[in-house]
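Undergrad: Before anything else, here's the structure in question.
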Amino acid sequence: MPGAKVPTVIWRQTKTHLTIQICLTDIKNHSLTLDEVCRTISFQSIDPEGYAFNIKLFAKVNSQPLEILGGQYLLVKLEKLSHGKWGNITATKSPRWLKADLDNISHSENSDENEEPEDDVKPNTTVVE
C-alpha cells in the first residue's frame with residue numbers, strides 16, 4: 001500500500017456495533033478484509049484505483065461485516081465481540097484521516113441501544129455480499 005491515497009474514514013459506535021464510513025465517490029470494485037484474529041481491517045479500492053488503508057481496531061469484531069455501497073461512500077457495519085463502548089476505534093492514537101462521527105454521538109450514558117443512528121439501506125445504495 002505504499003503510495004496509496006487514503007480516503008476520509010468516519011466511525012461511530014453503539015454498545016454492540018462499530019460502523020465505518022469510507023468517504024470515496026463511485027466505488028465500483030473494492031477489497032475489504034479482516035485479519036485472522038478479527039482485529040485489523042484492510043481496505044483497498046480497485047475501481048477507482050489507488051486508495052487503501054489498514055486500521056488496527058481497539059478490540060475484536062465479528063468476521064462477517066455488512067457492507068452498504070452508496071454513491072458517495074461505503075458503509076461497513078461490524079459487530080463487536082465484547083459489547084460496550086470503546087474509548088476510541090484504535091488501541092493507539094488515531095491517524096488524521098480517521099474521524100469520529102460527531103453528528104451521531106450519543107449524549108447520554110444511559111441511551112437506549114435501539115437509538116442507533118440510521119444506516120439502513122437507503123435509495124441508491126447497494127448491499128455488498
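Residues are referred to by chain and number: the chain letter is A, B, ... according to the order shown in the C-alpha cells, the number counts from 1 in that chain, and ligands are numbered separately from 1 in the order shown.
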Find the residues around Ile27 of chain A up to 7 Å (only C-alpha atoms counted), leave out those fewer than 3 positions away in its own chain, and share them as a PyMOL selection string.
TA: chain A and resi 24+47-48
Undergrad: Near Glu79 of chain A, within 6 Å and counting only C-alpha atoms, which residues show up once chain neighbours fewer than 2 positions away are dropped, as a ChimeraX atom specification?
TA: /A:16-17,61-62
Undergrad: List as number ranges by chain the protein and nucleic acid residues near Val6 of chain A, meaning an atom at most 8 Å away when only C-alpha atoms are counted, but skip any in the same chain fewer than 6 places from it.
TA: A: 51-53, 97
Undergrad: Counting only C-alpha atoms, which of A:Gln64, A:Gln13, A:Pro95, A:Pro7 gets nearest to Leu34 of chain A?
TA: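 Checking each of A:Gln64, A:Gln13, A:Pro95, A:Pro7 against Leu34 of chain A, counting only C-alpha atoms, the winner is A:Gln64.
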Undergrad: What's around Leu74 of chain A at 12 Å? Count only C-alpha atoms, leave out sequence neighbours fewer than 2 positions away in its own chain, and write the answer as an MDAnalysis selection string.
TA: chainID A and resid 7:11 19:32 43:45 65:72 76:77 119 121 125:128
